[in-house]
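**Student:** One file: run-v1.cif (mmCIF, C-alpha atoms and all ligand atoms).
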data_data
loop_
_atom_site.label_atom_id
_atom_site.label_comp_id
_atom_site.auth_asym_id
_atom_site.auth_seq_id
_atom_site.Cartn_x
_atom_site.Cartn_y
_atom_site.Cartn_z
CA MET A 1 0.00 0.00 0.00
CA LYS A 2 1.51 3.31 -1.04
CA PHE A 3 0.03 6.75 -1.50
CA SER A 4 1.35 9.81 -3.33
CA PHE A 5 0.54 11.92 -0.25
CA ASN A 6 1.43 11.69 3.46
CA VAL A 7 -0.85 9.69 5.73
CA ALA A 8 -0.84 9.60 9.53
CA ALA A 9 -2.75 6.80 11.27
CA ILE A 10 -4.17 7.21 14.77
CA ILE A 11 -4.99 3.90 16.46
CA LEU A 12 -7.28 4.30 19.48
CA CYS A 13 -6.54 1.71 22.15
CA GLY A 14 -8.66 2.85 25.10
CA GLY A 15 -11.10 0.57 26.88
CA SER A 16 -11.22 -1.48 30.04
CA GLY A 17 -12.37 -4.84 28.68
CA GLN A 18 -15.30 -4.93 31.10
CA ARG A 19 -17.80 -6.13 28.51
CA ALA A 20 -15.30 -8.78 27.40
CA ARG A 21 -15.13 -10.08 31.01
CA LEU A 22 -11.35 -9.83 30.86
CA GLY A 23 -10.40 -7.56 33.73
CA TYR A 24 -7.91 -5.89 31.39
CA ASN A 25 -7.90 -3.84 28.21
CA LYS A 26 -9.15 -6.12 25.41
CA VAL A 27 -6.62 -4.77 22.90
CA LEU A 28 -3.93 -6.39 25.07
CA HIS A 29 -5.58 -9.80 24.53
CA PRO A 30 -3.37 -12.21 22.59
CA PHE A 31 -4.20 -13.12 19.03
CA SER A 32 -3.44 -16.55 17.65
CA GLY A 33 0.35 -16.52 17.27
CA GLY A 34 0.95 -14.54 20.44
CA SER A 35 0.76 -10.88 19.31
CA ALA A 36 -1.76 -8.70 21.09
CA VAL A 37 -4.80 -7.27 19.30
CA ALA A 38 -3.32 -3.74 19.39
CA GLU A 39 -0.12 -4.89 17.67
CA ILE A 40 -2.01 -6.68 14.92
CA THR A 41 -4.26 -3.67 14.34
CA ALA A 42 -1.34 -1.20 14.30
CA SER A 43 0.57 -3.43 11.88
CA LYS A 44 -2.23 -3.01 9.32
CA PHE A 45 -1.26 0.68 9.13
CA SER A 46 2.51 0.22 8.89
CA PHE A 47 2.37 1.77 5.39
CA ALA A 48 1.56 5.18 6.94
CA ASN A 49 4.15 7.93 7.29
CA ALA A 50 3.33 8.06 11.00
CA VAL A 51 1.49 5.54 13.17
CA ILE A 52 0.24 7.02 16.44
CA VAL A 53 -1.07 4.60 19.05
CA VAL A 54 -3.17 6.26 21.76
CA TYR A 55 -3.09 4.17 24.94
CA PRO A 56 -4.93 4.54 28.27
CA ALA A 57 -2.77 5.82 31.14
CA ALA A 58 -3.42 2.67 33.18
CA ASP A 59 -1.79 0.47 30.51
CA LYS A 60 1.29 2.64 29.85
CA ASN A 61 3.87 -0.04 30.73
CA GLU A 62 2.19 -2.74 28.64
CA PHE A 63 2.06 -0.48 25.59
CA PHE A 64 5.69 0.66 25.88
CA GLU A 65 6.78 -2.96 26.20
CA MET A 66 4.59 -4.07 23.29
CA PHE A 67 5.88 -1.44 20.86
CA ASP A 68 9.46 -1.39 22.12
CA GLY A 69 11.81 -0.99 19.13
CA SER A 70 9.02 -0.13 16.64
CA ASP A 71 8.45 3.19 14.84
CA VAL A 72 5.04 3.62 16.47
CA ILE A 73 4.51 6.93 18.29
CA LEU A 74 2.89 6.28 21.67
CA VAL A 75 0.57 8.93 23.08
CA GLU A 76 -1.31 8.84 26.36
CA GLY A 77 -5.06 9.22 25.85
CA GLY A 78 -7.75 11.00 27.83
CA ASN A 79 -10.89 9.96 29.64
CA THR A 80 -13.13 9.94 26.57
CA ARG A 81 -12.69 8.92 22.95
CA THR A 82 -12.85 12.58 21.94
CA ASP A 83 -10.05 13.53 24.38
CA SER A 84 -7.95 10.60 23.15
CA VAL A 85 -8.30 11.69 19.53
CA LYS A 86 -7.31 15.24 20.52
CA ALA A 87 -4.17 13.84 22.18
CA GLY A 88 -3.38 11.78 19.09
CA LEU A 89 -3.84 14.74 16.75
CA LYS A 90 -1.12 16.67 18.63
CA ALA A 91 1.39 13.99 17.54
CA VAL A 92 0.48 14.18 13.83
CA PRO A 93 3.46 15.43 11.77
CA THR A 94 2.91 18.85 10.15
CA ASN A 95 3.39 17.59 6.58
CA THR A 96 0.44 15.19 6.83
CA HIS A 97 -2.28 15.34 4.14
CA ILE A 98 -4.68 12.64 5.34
CA ILE A 99 -5.34 11.46 8.89
CA THR A 100 -6.93 8.04 9.22
CA ILE A 101 -8.39 7.11 12.62
CA HIS A 102 -9.01 3.50 13.53
CA ASP A 103 -10.23 1.53 16.57
CA GLY A 104 -7.48 -0.60 18.08
CA ALA A 105 -10.12 -3.27 18.70
CA ARG A 106 -10.80 -3.76 14.95
CA PRO A 107 -7.89 -6.02 13.99
CA PHE A 108 -9.67 -7.63 11.01
CA VAL A 109 -9.58 -4.47 8.89
CA THR A 110 -8.45 -5.21 5.35
CA GLU A 111 -6.20 -3.31 2.96
CA LYS A 112 -9.22 -2.77 0.68
CA VAL A 113 -11.17 -1.02 3.45
CA ILE A 114 -8.18 1.13 4.45
CA VAL A 115 -7.43 2.15 0.84
CA SER A 116 -11.10 2.96 0.17
CA SER A 117 -11.28 5.18 3.27
CA ILE A 118 -8.05 7.05 2.54
CA GLU A 119 -8.71 7.52 -1.18
CA THR A 120 -12.27 8.72 -0.56
CA ALA A 121 -10.89 11.24 1.95
CA HIS A 122 -8.21 12.36 -0.49
CA LYS A 123 -10.88 12.97 -3.12
CA ASN A 124 -13.72 14.35 -0.96
CA GLY A 125 -12.18 15.48 2.35
CA SER A 126 -13.57 12.55 4.32
CA GLY A 127 -13.95 8.78 3.93
CA ILE A 128 -15.81 6.82 6.59
CA ALA A 129 -15.87 3.03 6.39
CA ALA A 130 -19.52 1.96 6.50
CA ILE A 131 -21.69 -1.00 5.58
CA PRO A 132 -25.32 -1.15 4.45
CA GLN A 133 -27.98 -2.46 6.80
CA VAL A 134 -28.85 -6.11 6.37
CA ASN A 135 -31.72 -6.20 8.87
CA ALA A 136 -35.04 -4.50 8.36
CA LEU A 137 -35.27 -1.34 10.49
CA ARG A 138 -38.09 0.09 12.58
CA ARG A 139 -38.26 3.53 14.06
CA LYS A 140 -39.57 4.07 17.60
CA CYS A 141 -42.37 6.57 18.00
CA SER A 142 -43.10 8.56 21.14
CA ASP A 143 -46.34 6.63 21.85
CA GLY A 144 -44.51 3.28 22.01
CA ASN A 145 -45.56 2.34 18.48
CA THR A 146 -42.91 1.63 15.83
CA ILE A 147 -42.95 2.35 12.11
CA SER A 148 -40.92 0.78 9.34
CA ALA A 149 -37.85 2.67 8.16
CA ASP A 150 -36.18 2.48 4.78
CA ARG A 151 -32.94 0.61 5.45
CA GLU A 152 -31.45 1.90 2.17
CA GLN A 153 -31.11 5.25 3.92
CA PHE A 154 -29.04 3.91 6.82
CA PHE A 155 -25.48 2.67 7.19
CA SER A 156 -23.53 1.16 10.06
CA VAL A 157 -20.40 3.17 10.62
CA GLN A 158 -17.04 1.55 11.31
CA THR A 159 -13.47 2.73 11.27
CA PRO A 160 -11.12 3.64 9.62
CA GLN A 161 -12.43 7.17 9.31
CA SER A 162 -10.10 9.27 7.17
CA PHE A 163 -10.04 13.04 6.77
CA ASP A 164 -8.23 15.95 5.22
CA ALA A 165 -5.70 16.62 7.97
CA GLY A 166 -6.09 20.41 8.19
CA ARG A 167 -9.88 20.29 8.29
CA LEU A 168 -9.98 17.53 10.92
CA ILE A 169 -7.54 19.33 13.22
CA GLU A 170 -9.58 22.50 12.84
CA ALA A 171 -12.83 20.63 13.55
CA TYR A 172 -11.43 19.17 16.77
CA SER A 173 -10.07 22.54 17.84
CA LYS A 174 -13.61 23.97 17.69
CA ILE A 175 -15.50 21.39 19.70
CA ASP A 176 -15.94 20.62 23.33
CA GLY A 177 -17.81 17.68 24.83
CA VAL A 178 -18.07 14.03 23.97
CA PHE A 179 -18.78 12.69 20.48
CA SER A 180 -19.35 9.14 19.32
CA ASP A 181 -16.91 9.31 16.43
CA ASP A 182 -14.77 11.55 14.26
CA ALA A 183 -17.36 11.78 11.50
CA GLU A 184 -19.69 13.50 13.97
CA VAL A 185 -17.00 16.02 14.98
CA PHE A 186 -16.16 16.69 11.33
CA GLU A 187 -19.84 17.16 10.50
CA LYS A 188 -20.45 19.49 13.50
CA ALA A 189 -17.71 21.74 12.11
CA GLY A 190 -19.71 22.12 8.90
CA ASN A 191 -17.93 19.57 6.72
CA ALA A 192 -19.52 16.99 4.43
CA VAL A 193 -19.11 13.38 5.48
CA PHE A 194 -18.53 10.82 2.71
CA LEU A 195 -18.76 7.07 3.16
CA SER A 196 -16.25 4.54 1.92
CA GLU A 197 -16.31 0.78 1.62
CA GLY A 198 -16.58 -1.06 4.94
CA ASP A 199 -16.56 -4.78 5.55
CA GLU A 200 -18.90 -6.87 7.69
CA ASN A 201 -15.87 -8.74 9.06
CA ASN A 202 -14.30 -5.49 10.23
CA ILE A 203 -15.90 -5.96 13.65
CA LYS A 204 -15.00 -4.18 16.84
CA LEU A 205 -14.04 -6.78 19.44
CA THR A 206 -16.48 -6.10 22.24
CA ASN A 207 -17.62 -9.15 24.15
CA TYR A 208 -16.14 -12.43 25.24
CA ARG A 209 -17.52 -14.24 22.19
CA ASP A 210 -15.66 -11.85 19.87
CA LEU A 211 -12.40 -12.53 21.67
CA ALA A 212 -12.92 -16.27 21.42
CA MET A 213 -12.71 -15.77 17.63
CA LEU A 214 -9.09 -14.72 18.00
CA GLY A 215 -8.10 -18.22 18.97
CA GLY A 216 -5.41 -17.10 21.40
CA ASP A 217 -1.98 -18.72 21.38
CA VAL A 218 -3.00 -22.10 19.98
CA ARG A 219 -0.46 -24.80 19.22
CA VAL A 220 -0.71 -28.21 17.63
CA GLY A 221 1.56 -31.13 18.61
CA PHE A 222 2.28 -34.58 17.23
CA GLY A 223 3.70 -37.70 18.90
CA PHE A 224 4.47 -41.21 17.69
CA ASP A 225 5.87 -44.34 19.34
CA VAL A 226 6.39 -48.04 18.68
CA HIS A 227 7.21 -50.86 21.13
CA GLU A 228 7.96 -54.52 20.54
CA LEU A 229 5.56 -57.20 21.84
CA ILE A 230 7.34 -59.95 23.78
CA PRO A 231 6.34 -62.75 26.17
CA GLY A 232 6.75 -62.28 29.91
CA ARG A 233 5.56 -58.66 30.09
CA ASP A 234 2.19 -57.11 30.93
CA LEU A 235 0.39 -55.35 28.11
CA ILE A 236 -0.50 -51.88 29.37
CA LEU A 237 -2.23 -49.33 27.14
CA CYS A 238 -3.50 -45.95 28.36
CA GLY A 239 -2.76 -47.11 31.91
CA LYS A 240 -4.98 -50.22 31.62
CA LYS A 241 -3.57 -53.75 31.94
CA LEU A 242 -5.04 -55.89 29.16
CA ASP A 243 -5.47 -59.64 29.25
CA TYR A 244 -3.03 -60.73 26.51
CA PRO A 245 -0.20 -63.32 26.41
CA LEU A 246 2.36 -60.72 25.24
CA GLY A 247 3.42 -57.39 26.63
CA LEU A 248 5.36 -54.40 25.34
CA MET A 249 9.09 -54.26 25.90
CA GLY A 250 10.62 -51.14 27.35
CA HIS A 251 12.41 -49.54 30.26
CA SER A 252 9.18 -48.21 31.75
CA ASP A 253 5.86 -50.04 31.61
CA ALA A 254 6.19 -49.41 27.83
CA ASP A 255 2.70 -47.88 27.54
CA VAL A 256 3.16 -46.92 23.91
CA ALA A 257 -0.14 -45.02 23.79
CA VAL A 258 0.69 -42.77 26.73
CA HIS A 259 4.19 -42.21 25.32
CA ALA A 260 2.71 -40.86 22.08
CA VAL A 261 0.38 -38.56 24.05
CA MET A 262 3.27 -37.21 26.15
CA ASP A 263 5.44 -36.54 23.11
CA ALA A 264 2.57 -34.77 21.34
CA LEU A 265 1.99 -32.50 24.36
CA LEU A 266 5.68 -31.74 24.83
CA SER A 267 6.08 -31.02 21.13
CA ALA A 268 3.13 -28.62 21.12
CA ALA A 269 4.64 -26.71 24.05
CA GLY A 270 8.03 -26.52 22.33
CA GLU A 271 9.63 -28.82 24.92
CA SER A 272 12.01 -31.66 24.25
CA ASP A 273 10.68 -35.25 24.14
CA ILE A 274 10.07 -37.94 26.78
CA GLY A 275 13.43 -39.55 25.95
CA ALA A 276 15.12 -36.40 27.24
CA LEU A 277 12.69 -35.87 30.11
CA PHE A 278 12.59 -39.46 31.43
CA PRO A 279 15.81 -41.09 30.13
CA ASP A 280 15.72 -44.90 29.82
CA THR A 281 19.23 -44.95 31.31
CA ASP A 282 17.84 -43.60 34.59
CA PRO A 283 17.01 -46.50 37.00
CA LYS A 284 14.32 -44.23 38.49
CA TYR A 285 12.16 -44.89 35.46
CA GLU A 286 12.57 -48.66 35.39
CA GLY A 287 9.08 -50.15 35.21
CA ALA A 288 7.67 -46.64 35.63
CA ASP A 289 3.92 -46.15 35.43
CA SER A 290 3.58 -44.05 32.28
CA ILE A 291 0.31 -42.53 33.51
CA LYS A 292 2.29 -41.01 36.40
CA LEU A 293 4.79 -39.62 33.90
CA LEU A 294 1.85 -38.19 31.93
CA ARG A 295 0.74 -36.39 35.09
CA ASN A 296 4.24 -34.89 35.34
CA VAL A 297 4.02 -33.73 31.73
CA ARG A 298 0.63 -32.15 32.47
CA LYS A 299 2.19 -30.22 35.37
CA LYS A 300 4.97 -29.05 33.08
CA LEU A 301 2.34 -27.61 30.74
CA ALA A 302 0.48 -25.77 33.51
CA GLU A 303 0.36 -22.57 31.45
CA TYR A 304 -1.64 -24.33 28.71
CA ASP A 305 -5.21 -25.55 28.42
CA ILE A 306 -5.50 -28.82 26.57
CA CYS A 307 -8.14 -28.31 23.89
CA ASN A 308 -8.17 -31.89 22.67
CA VAL A 309 -6.15 -35.08 22.42
CA SER A 310 -6.62 -37.39 19.44
CA LEU A 311 -4.87 -40.73 19.89
CA MET A 312 -4.67 -43.59 17.39
CA ILE A 313 -3.38 -46.99 18.55
CA ILE A 314 -2.11 -49.20 15.74
CA ALA A 315 -2.24 -52.91 16.64
CA GLN A 316 -3.18 -56.10 14.80
CA LYS A 317 -4.19 -57.76 18.09
CA PRO A 318 -5.75 -57.62 20.65
CA LYS A 319 -9.11 -55.97 19.92
CA LEU A 320 -9.01 -52.53 21.52
CA LEU A 321 -12.53 -51.23 20.96
CA PRO A 322 -13.92 -52.81 24.19
CA HIS A 323 -11.35 -50.82 26.18
CA ARG A 324 -11.90 -47.49 24.47
CA THR A 325 -13.97 -45.90 27.26
CA ASP A 326 -11.43 -46.94 29.92
CA PHE A 327 -8.59 -45.59 27.79
CA ILE A 328 -10.34 -42.24 27.43
CA THR A 329 -11.23 -42.09 31.14
CA ASN A 330 -7.64 -42.82 32.21
CA LEU A 331 -6.08 -40.24 29.90
CA ALA A 332 -8.63 -37.55 30.77
CA ALA A 333 -8.10 -38.15 34.49
CA ALA A 334 -4.30 -37.89 34.22
CA LEU A 335 -4.60 -34.74 32.09
CA GLU A 336 -7.28 -33.27 34.37
CA ILE A 337 -9.58 -32.51 31.45
CA ASP A 338 -13.11 -33.47 30.48
CA SER A 339 -13.24 -36.86 28.76
CA LYS A 340 -15.02 -35.18 25.82
CA ARG A 341 -11.65 -33.64 24.97
CA VAL A 342 -9.96 -37.00 24.57
CA ASN A 343 -10.51 -39.46 21.77
CA VAL A 344 -8.91 -42.85 21.28
CA SER A 345 -9.31 -44.80 18.09
CA ALA A 346 -7.60 -47.98 16.90
CA THR A 347 -6.61 -49.52 13.62
CA THR A 348 -4.76 -52.59 12.34
CA THR A 349 -2.28 -52.61 9.49
CA GLU A 350 -4.14 -55.38 7.61
CA PHE A 351 -1.48 -57.95 8.58
CA LEU A 352 1.25 -55.92 6.89
CA GLY A 353 4.65 -55.25 8.47
CA ILE A 354 5.86 -55.65 12.04
CA ILE A 355 2.57 -54.51 13.51
CA GLY A 356 0.52 -56.66 11.15
CA ASN A 357 2.47 -59.76 12.11
CA GLY A 358 1.88 -59.05 15.79
CA LYS A 359 5.47 -58.13 16.70
CA GLY A 360 4.69 -54.67 17.96
CA ILE A 361 2.18 -51.95 18.72
CA ALA A 362 2.43 -48.31 17.62
CA ALA A 363 0.58 -45.18 18.64
CA SER A 364 0.18 -41.80 17.01
CA CYS A 365 -1.24 -38.72 18.69
CA ASP A 366 -2.23 -35.16 17.80
CA VAL A 367 -3.01 -32.55 20.42
CA LEU A 368 -4.16 -28.96 20.42
CA ILE A 369 -3.17 -26.78 23.36
CA LYS A 370 -3.83 -23.13 24.11
CA LYS A 371 -1.95 -20.75 26.37
CA ASN A 372 -4.16 -19.90 29.34
MG MG A 401 8.07 -45.37 24.16
#
Rewrite the coordinates I just gave you, this time as structure tokens.
**Tutor:**
Amino acid sequence: MKFSFNVAAIILCGGSGQRARLGYNKVLHPFSGGSAVAEITASKFSFANAVIVVYPAADKNEFFEMFDGSDVILVEGGNTRTDSVKAGLKAVPTNTHIITIHDGARPFVTEKVIVSSIETAHKNGSGIAAIPQVNALRRKCSDGNTISADREQFFSVQTPQSFDAGRLIEAYSKIDGVFSDDAEVFEKAGNAVFLSEGDENNIKLTNYRDLAMLGGDVRVGFGFDVHELIPGRDLILCGKKLDYPLGLMGHSDADVAVHAVMDALLSAAGESDIGALFPDTDPKYEGADSIKLLRNVRKKLAEYDICNVSLMIIAQKPKLLPHRTDFITNLAAALEIDSKRVNVSATTTEFLGIIGNGKGIAASCDVLIKKN
């Protein structure tokens, strides 16, 4: 995105997060991948000649840490949106032609919407992102009755809202009081307000449901393990001892299924594997109950919620389906999660290879975890 004129972007990051039930400013909430909402939103305007982020005084430290080393200009906001915009305007460079103002809590804004707003403002003096009404509208009358309204005449206003810089600064210098948006201030100063192309996905994150859409810091993990079946050992899968003439060979109880789950979890969290964590050279782990080791792994991942565990056990024999519920119950209990978040399925290899000829059992596991 490049313009032949200078653009300054003001990103408004006020808000307490009360409606989002967070107890902190929702623009500090992490997006999938780890960056906060405010960072993602500001990054959409990195094309601008100046990016001014207006933060609430209470969150000063968080904002300085978040934008440490970036070109973003940080400005402390006021008590109202109008005061915060006024503070942001003071930081706009003098050679600016267009000022574009955007809510920090609208991280899904697209390049198309930004370009439309800025170009409309460059042409007409103002460009306000807006979308048509999709619902039928009714107007309230004083007697409690309602009458139908022509929805073609109404638009839902979003941000960005872009303006001729000189005229916007002048408009703000004239007003006092609280206004719902910049378009209203611009209009009150006698300027015409033009609409530009909005987007229904350009939502303002407001409630807890909106934040859930961000996904948070979500990570996938994969684990795989194989053990040999030999006589003279117990066969233990998912912590359950099965009635079978052979058992799995290994330093621990050789619970191949639990080993795959542990490796998947450790991998998702960016940790090393169970071989490094519980070395088979350490006598401490001789005959170890793998379910206990799984509990240790769970403790290690205390900063994560386990979204789901999907385990596949690959064995020609014995039949595993009758044990499925016990497997799920044991894993869910060790992981301290609802059993609905755990699934165990089984397959054979159609008598092919070392598993097909009954010499071993393998397990493969995928997990999804989320930073809490
Ligand atoms: Mg193993």
**Student:** List the spatial neighbours of A:Ile131 as an MDAnalysis selection string - criterion: any atom at most 10 Å away, all atoms listed in the file, same-chain residues fewer than 6 positions off excluded.
**Tutor:** chainID A and resid 154:158 195:200 202
**Student:** Do a neighbour search on A:Gly78 at 9 Å with all atoms listed in the file, toss out local chain neighbours closer than 4 positions, and write the hits as an MDAnalysis selection string.
**Tutor:** chainID A and resid 14 54:57 82:87
**Student:** Find the spatial neighbours of A:Asp280, counting only C-alpha atoms, within a cut-off of 8 Å - ignore same-chain residues fewer than 3 positions away - and output them as number ranges by chain.
**Tutor:** A: 251-252, 275, 283, 285-286
**Student:** May I ask you to write as a list of chain:residue names all residues lying at most 7 Å from ligand MG 401 (chain A), with all atoms listed in the file counted?
**Tutor:** A:Asp225, A:Val226, A:His227, A:Ala254, A:Asp255, A:Val256, A:His259
**Student:** Measuring between all atoms listed in the file, which one of A:His29, A:Lys370, A:Lys174, A:Lys204 shows the shortest distance to A:Tyr304?
**Tutor:** A:Lys370
**Student:** Any idea what the distance is between atom CA of A:Asn357 and atom CA of A:Ile314?
**Tutor:**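 Going from atom CA of A:Asn357 over to atom CA of A:Ile314, I get 12.1 Å.
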**Student:** Show me, as a list of chain:residue names, the residues that have an atom within 9 Å of A:Pro245 when counting only C-alpha atoms, minus same-chain residues fewer than 4 positions from it.
**Tutor:**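 My reading of the contact set: A:Ile230, A:Pro231, A:Gly232, A:Arg233, A:Asp234, A:Leu235.
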**Student:** Can stretch 129-151 of chain A be brought up to N, CA, C and O atoms and written out as a PDB file, keeping the file's coordinate frame?
**Tutor:**
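In the end it all went to out-v9.pdb:
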ATOM      1  N   ALA A 129     -15.503   4.415   6.704  1.00  0.00           N
ATOM      2  CA  ALA A 129     -15.870   3.030   6.390  1.00  0.00           C
ATOM      3  C   ALA A 129     -17.257   2.743   6.934  1.00  0.00           C
ATOM      4  O   ALA A 129     -17.534   3.011   8.109  1.00  0.00           O
ATOM      5  N   ALA A 130     -18.134   2.225   6.076  1.00  0.00           N
ATOM      6  CA  ALA A 130     -19.520   1.960   6.500  1.00  0.00           C
ATOM      7  C   ALA A 130     -20.070   0.800   5.685  1.00  0.00           C
ATOM      8  O   ALA A 130     -19.609   0.529   4.582  1.00  0.00           O
ATOM      9  N   ILE A 131     -21.042   0.119   6.287  1.00  0.00           N
ATOM     10  CA  ILE A 131     -21.690  -1.000   5.580  1.00  0.00           C
ATOM     11  C   ILE A 131     -23.207  -0.790   5.571  1.00  0.00           C
ATOM     12  O   ILE A 131     -23.762  -0.191   6.493  1.00  0.00           O
ATOM     13  N   PRO A 132     -23.855  -1.287   4.507  1.00  0.00           N
ATOM     14  CA  PRO A 132     -25.320  -1.150   4.450  1.00  0.00           C
ATOM     15  C   PRO A 132     -25.982  -1.989   5.540  1.00  0.00           C
ATOM     16  O   PRO A 132     -25.360  -2.906   6.085  1.00  0.00           O
ATOM     17  N   GLN A 133     -27.220  -1.692   5.820  1.00  0.00           N
ATOM     18  CA  GLN A 133     -27.980  -2.460   6.800  1.00  0.00           C
ATOM     19  C   GLN A 133     -28.463  -3.764   6.177  1.00  0.00           C
ATOM     20  O   GLN A 133     -28.946  -3.765   5.056  1.00  0.00           O
ATOM     21  N   VAL A 134     -28.312  -4.841   6.895  1.00  0.00           N
ATOM     22  CA  VAL A 134     -28.850  -6.110   6.370  1.00  0.00           C
ATOM     23  C   VAL A 134     -30.208  -6.422   7.001  1.00  0.00           C
ATOM     24  O   VAL A 134     -31.049  -7.071   6.395  1.00  0.00           O
ATOM     25  N   ASN A 135     -30.438  -5.949   8.200  1.00  0.00           N
ATOM     26  CA  ASN A 135     -31.720  -6.200   8.870  1.00  0.00           C
ATOM     27  C   ASN A 135     -32.727  -5.129   8.502  1.00  0.00           C
ATOM     28  O   ASN A 135     -32.355  -3.991   8.205  1.00  0.00           O
ATOM     29  N   ALA A 136     -33.995  -5.504   8.524  1.00  0.00           N
ATOM     30  CA  ALA A 136     -35.040  -4.500   8.360  1.00  0.00           C
ATOM     31  C   ALA A 136     -35.000  -3.575   9.582  1.00  0.00           C
ATOM     32  O   ALA A 136     -34.626  -4.010  10.672  1.00  0.00           O
ATOM     33  N   LEU A 137     -35.341  -2.307   9.381  1.00  0.00           N
ATOM     34  CA  LEU A 137     -35.270  -1.340  10.490  1.00  0.00           C
ATOM     35  C   LEU A 137     -36.662  -0.831  10.835  1.00  0.00           C
ATOM     36  O   LEU A 137     -37.522  -0.685   9.966  1.00  0.00           O
ATOM     37  N   ARG A 138     -36.846  -0.552  12.137  1.00  0.00           N
ATOM     38  CA  ARG A 138     -38.090   0.090  12.580  1.00  0.00           C
ATOM     39  C   ARG A 138     -37.727   1.273  13.450  1.00  0.00           C
ATOM     40  O   ARG A 138     -36.751   1.234  14.198  1.00  0.00           O
ATOM     41  N   ARG A 139     -38.509   2.306  13.294  1.00  0.00           N
ATOM     42  CA  ARG A 139     -38.260   3.530  14.060  1.00  0.00           C
ATOM     43  C   ARG A 139     -39.251   3.617  15.231  1.00  0.00           C
ATOM     44  O   ARG A 139     -40.440   3.367  15.049  1.00  0.00           O
ATOM     45  N   LYS A 140     -38.724   3.971  16.410  1.00  0.00           N
ATOM     46  CA  LYS A 140     -39.570   4.070  17.600  1.00  0.00           C
ATOM     47  C   LYS A 140     -40.320   5.399  17.601  1.00  0.00           C
ATOM     48  O   LYS A 140     -39.742   6.444  17.304  1.00  0.00           O
ATOM     49  N   CYS A 141     -41.590   5.334  17.900  1.00  0.00           N
ATOM     50  CA  CYS A 141     -42.370   6.570  18.000  1.00  0.00           C
ATOM     51  C   CYS A 141     -42.574   6.901  19.481  1.00  0.00           C
ATOM     52  O   CYS A 141     -42.389   6.045  20.345  1.00  0.00           O
ATOM     53  N   SER A 142     -42.983   8.129  19.746  1.00  0.00           N
ATOM     54  CA  SER A 142     -43.100   8.560  21.140  1.00  0.00           C
ATOM     55  C   SER A 142     -44.208   7.813  21.890  1.00  0.00           C
ATOM     56  O   SER A 142     -44.140   7.632  23.098  1.00  0.00           O
ATOM     57  N   ASP A 143     -45.232   7.331  21.163  1.00  0.00           N
ATOM     58  CA  ASP A 143     -46.340   6.630  21.850  1.00  0.00           C
ATOM     59  C   ASP A 143     -46.053   5.148  22.074  1.00  0.00           C
ATOM     60  O   ASP A 143     -46.940   4.403  22.471  1.00  0.00           O
ATOM     61  N   GLY A 144     -44.854   4.683  21.796  1.00  0.00           N
ATOM     62  CA  GLY A 144     -44.510   3.280  22.010  1.00  0.00           C
ATOM     63  C   GLY A 144     -44.678   2.447  20.758  1.00  0.00           C
ATOM     64  O   GLY A 144     -44.197   1.321  20.678  1.00  0.00           O
ATOM     65  N   ASN A 145     -45.381   3.010  19.773  1.00  0.00           N
ATOM     66  CA  ASN A 145     -45.560   2.340  18.480  1.00  0.00           C
ATOM     67  C   ASN A 145     -44.232   2.375  17.716  1.00  0.00           C
ATOM     68  O   ASN A 145     -43.328   3.137  18.062  1.00  0.00           O
ATOM     69  N   THR A 146     -44.073   1.526  16.715  1.00  0.00           N
ATOM     70  CA  THR A 146     -42.910   1.630  15.830  1.00  0.00           C
ATOM     71  C   THR A 146     -43.387   1.657  14.387  1.00  0.00           C
ATOM     72  O   THR A 146     -44.428   1.079  14.049  1.00  0.00           O
ATOM     73  N   ILE A 147     -42.608   2.332  13.541  1.00  0.00           N
ATOM     74  CA  ILE A 147     -42.950   2.350  12.110  1.00  0.00           C
ATOM     75  C   ILE A 147     -41.747   1.891  11.305  1.00  0.00           C
ATOM     76  O   ILE A 147     -40.603   2.039  11.747  1.00  0.00           O
ATOM     77  N   SER A 148     -42.020   1.303  10.150  1.00  0.00           N
ATOM     78  CA  SER A 148     -40.920   0.780   9.340  1.00  0.00           C
ATOM     79  C   SER A 148     -40.074   1.922   8.789  1.00  0.00           C
ATOM     80  O   SER A 148     -40.581   3.001   8.496  1.00  0.00           O
ATOM     81  N   ALA A 149     -38.773   1.664   8.692  1.00  0.00           N
ATOM     82  CA  ALA A 149     -37.850   2.670   8.160  1.00  0.00           C
ATOM     83  C   ALA A 149     -37.164   2.077   6.939  1.00  0.00           C
ATOM     84  O   ALA A 149     -36.987   0.861   6.850  1.00  0.00           O
ATOM     85  N   ASP A 150     -36.813   2.928   6.010  1.00  0.00           N
ATOM     86  CA  ASP A 150     -36.180   2.480   4.780  1.00  0.00           C
ATOM     87  C   ASP A 150     -34.692   2.208   5.060  1.00  0.00           C
ATOM     88  O   ASP A 150     -33.914   3.131   5.251  1.00  0.00           O
ATOM     89  N   ARG A 151     -34.324   0.918   5.066  1.00  0.00           N
ATOM     90  CA  ARG A 151     -32.940   0.610   5.450  1.00  0.00           C
ATOM     91  C   ARG A 151     -31.907   1.098   4.437  1.00  0.00           C
ATOM     92  O   ARG A 151     -30.746   1.249   4.757  1.00  0.00           O
TER      93      ARG A 151
END
